[in-house]
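**Student:** Got coords_38.cif for you, mmCIF, C-alpha atoms:
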```
data_my_file
#
loop_
_atom_site.group_PDB
_atom_site.id
_atom_site.type_symbol
_atom_site.label_atom_id
_atom_site.label_comp_id
_atom_site.auth_asym_id
_atom_site.auth_seq_id
_atom_site.Cartn_x
_atom_site.Cartn_y
_atom_site.Cartn_z
ATOM 1 C CA MET A 5 -23.150 2.849 25.139
ATOM 2 C CA ASN A 6 -26.107 1.975 22.919
ATOM 3 C CA GLU A 7 -24.986 -0.049 19.880
ATOM 4 C CA THR A 8 -26.848 2.254 17.476
ATOM 5 C CA ILE A 9 -25.039 5.307 18.858
ATOM 6 C CA THR A 10 -21.700 3.501 18.705
ATOM 7 C CA ILE A 11 -22.224 2.604 15.034
ATOM 8 C CA ALA A 12 -23.381 6.169 14.249
ATOM 9 C CA ILE A 13 -20.181 7.554 15.800
ATOM 10 C CA TRP A 14 -18.080 5.046 13.859
ATOM 11 C CA VAL A 15 -19.844 5.948 10.586
ATOM 12 C CA THR A 16 -19.201 9.646 11.235
ATOM 13 C CA LEU A 17 -15.512 9.091 12.005
ATOM 14 C CA ALA A 18 -15.078 6.719 9.043
ATOM 15 C CA PHE A 19 -16.477 9.217 6.548
ATOM 16 C CA ALA A 20 -14.579 12.116 8.096
ATOM 17 C CA ALA A 21 -11.354 10.118 7.744
ATOM 18 C CA ALA A 22 -12.249 9.026 4.199
ATOM 19 C CA GLY A 23 -13.092 12.591 3.212
ATOM 20 C CA PHE A 24 -9.815 13.819 4.684
ATOM 21 C CA VAL A 25 -7.862 11.306 2.586
ATOM 22 C CA LYS A 26 -9.734 12.373 -0.552
ATOM 23 C CA GLY A 27 -9.076 16.023 0.277
ATOM 24 C CA VAL A 28 -5.340 15.417 0.568
ATOM 25 C CA VAL A 29 -4.661 12.995 -2.305
ATOM 26 C CA GLY A 30 -7.764 13.456 -4.498
ATOM 27 C CA MET A 31 -9.034 9.882 -4.136
ATOM 28 C CA GLY A 32 -9.751 7.167 -1.606
ATOM 29 C CA LEU A 33 -13.113 8.138 -0.096
ATOM 30 C CA PRO A 34 -15.005 4.963 -1.096
ATOM 31 C CA THR A 35 -11.980 2.751 -0.404
ATOM 32 C CA VAL A 36 -11.317 4.079 3.092
ATOM 33 C CA ALA A 37 -14.991 4.398 4.040
ATOM 34 C CA ILE A 38 -16.075 0.905 3.038
ATOM 35 C CA GLY A 39 -12.963 -0.626 4.577
ATOM 36 C CA LEU A 40 -13.524 1.062 7.939
ATOM 37 C CA LEU A 41 -17.295 0.522 7.928
ATOM 38 C CA SER A 42 -16.871 -3.189 7.209
ATOM 39 C CA ILE A 43 -15.115 -3.569 10.565
ATOM 40 C CA VAL A 44 -18.442 -3.034 12.358
ATOM 41 C CA MET A 45 -21.022 -4.138 9.761
ATOM 42 C CA PRO A 46 -21.385 -6.475 6.753
ATOM 43 C CA PRO A 47 -19.867 -5.106 3.516
ATOM 44 C CA VAL A 48 -23.311 -4.913 1.869
ATOM 45 C CA ALA A 49 -24.514 -2.519 4.596
ATOM 46 C CA ALA A 50 -21.309 -0.501 4.273
ATOM 47 C CA ALA A 51 -21.800 -0.278 0.506
ATOM 48 C CA THR A 52 -25.340 1.066 0.839
ATOM 49 C CA ILE A 53 -24.267 3.781 3.286
ATOM 50 C CA LEU A 54 -21.396 4.705 0.969
ATOM 51 C CA LEU A 55 -23.549 5.405 -2.093
ATOM 52 C CA ILE A 56 -24.830 8.956 -1.573
ATOM 53 C CA PRO A 57 -21.578 10.471 -0.162
ATOM 54 C CA SER A 58 -19.660 8.773 -2.983
ATOM 55 C CA LEU A 59 -22.095 10.035 -5.615
ATOM 56 C CA ILE A 60 -22.025 13.636 -4.366
ATOM 57 C CA THR A 61 -18.236 13.867 -4.066
ATOM 58 C CA ASN A 62 -17.685 12.184 -7.432
ATOM 59 C CA VAL A 63 -20.202 14.362 -9.285
ATOM 60 C CA TRP A 64 -18.371 17.346 -7.762
ATOM 61 C CA GLN A 65 -15.110 15.926 -9.145
ATOM 62 C CA LEU A 66 -16.748 15.124 -12.499
ATOM 63 C CA LEU A 67 -18.040 18.664 -13.025
ATOM 64 C CA ALA A 68 -14.673 20.225 -12.185
ATOM 65 C CA GLY A 69 -13.161 19.497 -15.612
ATOM 66 C CA PRO A 70 -13.714 20.875 -19.119
ATOM 67 C CA GLU A 71 -13.992 17.671 -21.190
ATOM 68 C CA PHE A 72 -17.099 15.838 -19.986
ATOM 69 C CA ALA A 73 -18.558 15.138 -23.457
ATOM 70 C CA VAL A 74 -15.222 14.062 -24.918
ATOM 71 C CA LEU A 75 -14.436 11.712 -22.037
ATOM 72 C CA ALA A 76 -17.971 10.306 -21.912
ATOM 73 C CA LYS A 77 -17.736 9.377 -25.594
ATOM 74 C CA ARG A 78 -14.216 7.979 -25.259
ATOM 75 C CA PHE A 79 -15.044 5.744 -22.290
ATOM 76 C CA ALA A 80 -18.672 4.882 -23.096
ATOM 77 C CA GLY A 81 -17.848 1.216 -23.708
ATOM 78 C CA MET A 82 -15.971 0.955 -20.426
ATOM 79 C CA LEU A 83 -18.780 2.588 -18.451
ATOM 80 C CA LEU A 84 -21.411 0.283 -19.936
ATOM 81 C CA ALA A 85 -19.198 -2.695 -19.128
ATOM 82 C CA VAL A 86 -18.828 -1.468 -15.527
ATOM 83 C CA CYS A 87 -22.631 -1.513 -15.202
ATOM 84 C CA ALA A 88 -22.878 -5.028 -16.658
ATOM 85 C CA GLY A 89 -20.060 -6.319 -14.467
ATOM 86 C CA THR A 90 -21.630 -4.864 -11.323
ATOM 87 C CA PHE A 91 -24.824 -6.840 -11.878
ATOM 88 C CA MET A 92 -22.736 -9.943 -12.572
ATOM 89 C CA GLY A 93 -20.874 -9.683 -9.256
ATOM 90 C CA ILE A 94 -23.596 -8.359 -6.944
ATOM 91 C CA GLY A 95 -24.538 -11.852 -5.774
ATOM 92 C CA VAL A 96 -21.323 -12.061 -3.726
ATOM 93 C CA LEU A 97 -21.953 -8.795 -1.858
ATOM 94 C CA THR A 98 -25.620 -9.590 -1.198
ATOM 95 C CA GLY A 99 -25.143 -13.335 -0.655
ATOM 96 C CA PRO A 100 -25.946 -15.221 2.549
ATOM 97 C CA SER A 101 -22.317 -15.321 3.744
ATOM 98 C CA SER A 102 -20.948 -11.930 4.767
ATOM 99 C CA SER A 103 -17.570 -13.603 5.367
ATOM 100 C CA THR A 104 -17.183 -14.266 1.634
ATOM 101 C CA ALA A 105 -17.771 -10.590 0.807
ATOM 102 C CA THR A 106 -15.473 -9.523 3.659
ATOM 103 C CA MET A 107 -12.707 -11.808 2.397
ATOM 104 C CA ALA A 108 -13.123 -10.502 -1.151
ATOM 105 C CA LEU A 109 -13.039 -6.904 0.097
ATOM 106 C CA GLY A 110 -9.946 -7.558 2.193
ATOM 107 C CA ALA A 111 -8.183 -9.161 -0.770
ATOM 108 C CA VAL A 112 -8.954 -6.175 -3.032
ATOM 109 C CA LEU A 113 -7.685 -3.727 -0.391
ATOM 110 C CA VAL A 114 -4.424 -5.674 -0.037
ATOM 111 C CA VAL A 115 -3.901 -5.909 -3.817
ATOM 112 C CA TYR A 116 -4.677 -2.225 -4.336
ATOM 113 C CA GLY A 117 -2.421 -1.208 -1.450
ATOM 114 C CA VAL A 118 0.496 -3.355 -2.637
ATOM 115 C CA PHE A 119 0.141 -2.045 -6.181
ATOM 116 C CA GLY A 120 0.085 1.532 -4.885
ATOM 117 C CA LEU A 121 3.285 0.892 -2.925
ATOM 118 C CA PHE A 122 5.297 -1.168 -5.397
ATOM 119 C CA GLY A 123 3.559 -1.051 -8.773
ATOM 120 C CA ARG A 124 5.435 0.635 -11.577
ATOM 121 C CA ALA A 125 3.874 3.138 -13.942
ATOM 122 C CA PHE A 126 2.948 1.662 -17.301
ATOM 123 C CA SER A 127 1.519 3.001 -20.525
ATOM 124 C CA VAL A 128 -1.375 1.693 -22.633
ATOM 125 C CA PRO A 129 -1.313 2.672 -26.333
ATOM 126 C CA VAL A 130 -4.397 4.372 -27.721
ATOM 127 C CA ARG A 131 -4.841 1.744 -30.439
ATOM 128 C CA VAL A 132 -5.874 -0.956 -27.913
ATOM 129 C CA GLU A 133 -8.349 1.167 -25.961
ATOM 130 C CA TRP A 134 -11.313 0.116 -28.101
ATOM 131 C CA TRP A 135 -11.192 -3.446 -26.731
ATOM 132 C CA LEU A 136 -9.209 -3.049 -23.476
ATOM 133 C CA SER A 137 -11.444 -0.368 -21.952
ATOM 134 C CA PRO A 138 -14.570 -2.604 -21.926
ATOM 135 C CA VAL A 139 -12.522 -5.491 -20.469
ATOM 136 C CA VAL A 140 -11.230 -3.244 -17.676
ATOM 137 C CA GLY A 141 -14.771 -1.967 -17.112
ATOM 138 C CA LEU A 142 -16.237 -5.465 -16.886
ATOM 139 C CA ILE A 143 -13.608 -6.633 -14.381
ATOM 140 C CA THR A 144 -13.965 -3.443 -12.331
ATOM 141 C CA GLY A 145 -17.744 -3.817 -12.286
ATOM 142 C CA ALA A 146 -17.568 -7.472 -11.220
ATOM 143 C CA ILE A 147 -15.230 -6.559 -8.352
ATOM 144 C CA ALA A 148 -17.491 -3.627 -7.416
ATOM 145 C CA GLY A 149 -20.512 -5.910 -7.341
ATOM 146 C CA ALA A 150 -18.674 -8.376 -5.108
ATOM 147 C CA THR A 151 -17.031 -5.892 -2.725
ATOM 148 C CA GLY A 152 -18.511 -2.394 -3.173
ATOM 149 C CA LEU A 153 -15.119 -1.086 -4.374
ATOM 150 C CA PHE A 154 -14.638 0.226 -7.911
ATOM 151 C CA VAL A 155 -10.947 1.130 -8.025
ATOM 152 C CA VAL A 156 -9.268 -2.018 -9.383
ATOM 153 C CA PRO A 157 -8.212 -2.239 -12.174
ATOM 154 C CA LEU A 158 -9.934 1.019 -13.200
ATOM 155 C CA VAL A 159 -7.645 3.523 -11.457
ATOM 156 C CA PRO A 160 -4.315 2.030 -12.647
ATOM 157 C CA TYR A 161 -5.759 1.733 -16.162
ATOM 158 C CA LEU A 162 -6.876 5.373 -16.371
ATOM 159 C CA ASN A 163 -3.495 6.430 -14.977
ATOM 160 C CA SER A 164 -1.810 4.512 -17.806
ATOM 161 C CA LEU A 165 -3.526 6.441 -20.617
ATOM 162 C CA GLY A 166 -1.395 9.571 -20.385
ATOM 163 C CA LEU A 167 -4.332 11.897 -19.713
ATOM 164 C CA ALA A 168 -3.645 15.479 -18.655
ATOM 165 C CA LYS A 169 -4.102 16.056 -14.923
ATOM 166 C CA ASP A 170 -7.498 17.793 -15.192
ATOM 167 C CA SER A 171 -8.743 15.245 -17.716
ATOM 168 C CA LEU A 172 -7.623 12.366 -15.485
ATOM 169 C CA ILE A 173 -9.429 13.812 -12.484
ATOM 170 C CA GLN A 174 -12.576 14.277 -14.546
ATOM 171 C CA ALA A 175 -12.295 10.786 -16.054
ATOM 172 C CA LEU A 176 -12.009 9.313 -12.559
ATOM 173 C CA GLY A 177 -15.026 11.326 -11.440
ATOM 174 C CA LEU A 178 -17.011 10.138 -14.465
ATOM 175 C CA SER A 179 -16.051 6.500 -13.911
ATOM 176 C CA PHE A 180 -16.734 6.581 -10.167
ATOM 177 C CA THR A 181 -20.092 8.285 -10.718
ATOM 178 C CA ALA A 182 -21.188 5.635 -13.217
ATOM 179 C CA SER A 183 -19.927 2.885 -10.895
ATOM 180 C CA THR A 184 -21.812 4.318 -7.926
ATOM 181 C CA VAL A 185 -25.064 4.538 -9.892
ATOM 182 C CA ALA A 186 -24.594 0.968 -11.162
ATOM 183 C CA LEU A 187 -23.935 -0.313 -7.628
ATOM 184 C CA ALA A 188 -27.034 1.465 -6.314
ATOM 185 C CA ALA A 189 -29.146 -0.060 -9.095
ATOM 186 C CA ALA A 190 -27.746 -3.542 -8.462
ATOM 187 C CA LEU A 191 -28.358 -3.285 -4.703
ATOM 188 C CA ALA A 192 -31.897 -2.047 -5.330
ATOM 189 C CA PHE A 193 -32.442 -4.952 -7.739
ATOM 190 C CA LYS A 194 -31.446 -7.305 -4.904
ATOM 191 C CA ASP A 195 -33.771 -5.405 -2.518
ATOM 192 C CA GLN A 196 -30.807 -4.259 -0.414
ATOM 193 C CA TYR A 197 -31.152 -0.486 -0.900
ATOM 194 C CA GLN A 198 -34.086 0.572 1.230
ATOM 195 C CA ALA A 199 -35.294 3.753 2.955
ATOM 196 C CA PRO A 200 -33.388 3.392 6.292
ATOM 197 C CA MET A 201 -30.110 2.933 4.411
ATOM 198 C CA ILE A 202 -30.805 6.001 2.271
ATOM 199 C CA TRP A 203 -31.248 8.067 5.446
ATOM 200 C CA ASN A 204 -27.995 6.734 6.939
ATOM 201 C CA SER A 205 -26.250 7.489 3.652
ATOM 202 C CA LEU A 206 -27.542 11.075 3.666
ATOM 203 C CA LEU A 207 -26.286 11.561 7.227
ATOM 204 C CA ALA A 208 -22.800 10.483 6.116
ATOM 205 C CA VAL A 209 -22.534 13.295 3.544
ATOM 206 C CA LEU A 210 -21.713 16.050 6.052
ATOM 207 C CA PRO A 211 -18.707 14.363 7.736
ATOM 208 C CA ALA A 212 -17.425 13.310 4.300
ATOM 209 C CA LEU A 213 -17.560 16.881 2.972
ATOM 210 C CA ALA A 214 -16.109 18.260 6.215
ATOM 211 C CA GLY A 215 -13.240 15.778 6.017
ATOM 212 C CA MET A 216 -12.609 16.739 2.375
ATOM 213 C CA TYR A 217 -12.496 20.417 3.266
ATOM 214 C CA ILE A 218 -10.044 19.852 6.126
ATOM 215 C CA GLY A 219 -7.933 17.593 3.904
ATOM 216 C CA GLN A 220 -7.761 20.264 1.213
ATOM 217 C CA LEU A 221 -6.622 22.808 3.799
ATOM 218 C CA ALA A 222 -4.010 20.389 5.126
ATOM 219 C CA ARG A 223 -2.712 19.480 1.653
ATOM 220 C CA ASP A 224 -0.330 22.448 1.497
ATOM 221 C CA ARG A 225 1.127 21.575 4.906
ATOM 222 C CA MET A 226 1.764 17.914 4.098
ATOM 223 C CA HIS A 227 3.969 16.015 1.679
ATOM 224 C CA PRO A 228 1.459 14.322 -0.663
ATOM 225 C CA LEU A 229 3.811 11.496 -1.691
ATOM 226 C CA VAL A 230 4.530 10.587 1.935
ATOM 227 C CA PHE A 231 0.814 10.727 2.758
ATOM 228 C CA ARG A 232 -0.007 8.503 -0.241
ATOM 229 C CA ARG A 233 2.574 5.967 0.918
ATOM 230 C CA TRP A 234 0.996 5.745 4.379
ATOM 231 C CA PHE A 235 -2.452 5.633 2.774
ATOM 232 C CA PHE A 236 -1.514 2.504 0.809
ATOM 233 C CA ILE A 237 0.209 0.962 3.833
ATOM 234 C CA GLY A 238 -3.011 1.523 5.766
ATOM 235 C CA LEU A 239 -5.009 -0.226 3.040
ATOM 236 C CA VAL A 240 -2.724 -3.267 3.186
ATOM 237 C CA VAL A 241 -3.029 -3.474 6.988
ATOM 238 C CA LEU A 242 -6.806 -2.999 6.913
ATOM 239 C CA GLY A 243 -7.237 -5.556 4.129
ATOM 240 C CA ALA A 244 -5.035 -8.106 5.896
ATOM 241 C CA TYR A 245 -7.049 -7.643 9.092
ATOM 242 C CA MET A 246 -10.317 -8.212 7.195
ATOM 243 C CA LEU A 247 -8.922 -11.328 5.498
ATOM 244 C CA LEU A 248 -7.779 -12.752 8.833
ATOM 245 C CA ARG A 249 -11.092 -11.969 10.526
ATOM 246 C CA ALA A 250 -13.134 -13.517 7.707
ATOM 247 C CA PHE A 251 -10.893 -16.598 7.611
ATOM 248 C CA MET A 252 -11.201 -17.104 11.384
ATOM 249 C CA HIS A 253 -14.983 -16.677 11.216
ATOM 250 C CA MET A 254 -15.279 -19.220 8.399
ATOM 251 C CA SER A 255 -12.985 -21.614 10.309
ATOM 252 C CA ARG A 256 -15.196 -21.394 13.417
ATOM 253 C CA GLN A 257 -18.272 -22.069 11.314
ATOM 254 C CA GLY A 258 -16.629 -25.113 9.757
ATOM 255 C CA ALA A 259 -15.481 -26.478 13.136
#
```
Go ahead and render the structure in this file as structure tokens.
**Tutor:**
Amino acid sequence: MNETITIAIWVTLAFAAAGFVKGVVGMGLPTVAIGLLSIVMPPVAAATILLIPSLITNVWQLLAGPEFAVLAKRFAGMLLAVCAGTFMGIGVLTGPSSSTATMALGAVLVVYGVFGLFGRAFSVPVRVEWWLSPVVGLITGAIAGATGLFVVPLVPYLNSLGLAKDSLIQALGLSFTASTVALAAALAFKDQYQAPMIWNSLLAVLPALAGMYIGQLARDRMHPLVFRRWFFIGLVVLGAYMLLRAFMHMSRQGA
């Protein structure tokens, strides 16, 4: 089978699977998509294809809540720091060695998966938000620039603030939207976000939305906590595989 067709099929299946996960548990589309795509392509290529489906699904999530202005004001410092951090870390993702970016991505997937499985809930008092939010944003942005993923430590941090369910979902949508825009700008700055990638990214929207729709239908027939557990186990396995593959590739190059 032609390699282009094979990759197109893999992209379709990856986004359908990622959309399904997001439909069931309300998150995970970028994480699953970039992890699966990076099996068959460099992480920087996976990140560029991810941008438009991620932006569309996150804007949808952002607009679903009632407190956009309040949350935007509350987390403005964090969002600006995410943008700054993304430009700081983008050199890893766009650097000459794809193995370095793959290893970084694998490590983040393992850490995120382990935290999801074994991490305990914690609470951050409101009085420290003014300085902690920008720190979390800067770290998240740096990791996003290096790997294309913008979930760590952002997601655990937002979960620790005691937000109401609808506000949390909207805050996640707001943060992911800002992170996606920042990543697109950083990739464009490095001349890595060009017309062919935009087309591939547009083609990935349909399977992502279809997967989300099917996941939402399946949500009532599944146990969300059990599904989340297997989701995080899958991230650990996928991340460990990427770490091993990158390590073996770097070992062969050094031999």
**Student:** For A:Ile237, list every protein, DNA or RNA residue within 8 Å, evaluated using only C-alpha atoms, and leave out those in the same chain fewer than 2 positions away; present the list as a list in words.
**Tutor:**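 Listed by chain and then number, they are Gly117, Val118, Leu121, Arg233, Trp234, Phe235, Leu239, Val240 and Val241 of chain A.
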**Student:** Could you tell me how far atom CA of A:Thr52 lies from atom CA of A:Ile11, in Å and to one decimal?
**Tutor:**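 These two atoms are separated by 14.6 Å.
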**Student:** Just to confirm, what's the straight-line distance from atom CA of A:Lys77 to atom CA of A:Leu136 in Å (one decimal)?
**Tutor:**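 Atom CA of A:Leu136 lies 15.2 Å from atom CA of A:Lys77.
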**Student:** Rank nothing, just name the residue among A:Leu67, A:Val15, A:Ile56, A:Ala189 nearest to A:Ile94, using all atoms listed in the file.
**Tutor:**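 Using all atoms listed in the file, A:Ile94 sits closest to A:Ala189.
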**Student:** Need the shell around stretch 218-220 of chain A: protein/DNA/RNA residues with any atom at most 9 Å away, counting only C-alpha atoms. Skip same-chain ones fewer than 3 positions apart. Format as number ranges by chain?
**Tutor:** A: 23-30, 213-215, 223-224
**Student:** When you count all atoms listed in the file, which of these residues is closest to A:Ser42: A:Ser164, A:Gln174, A:Thr98, A:Ser103?
**Tutor:** A:Ser103
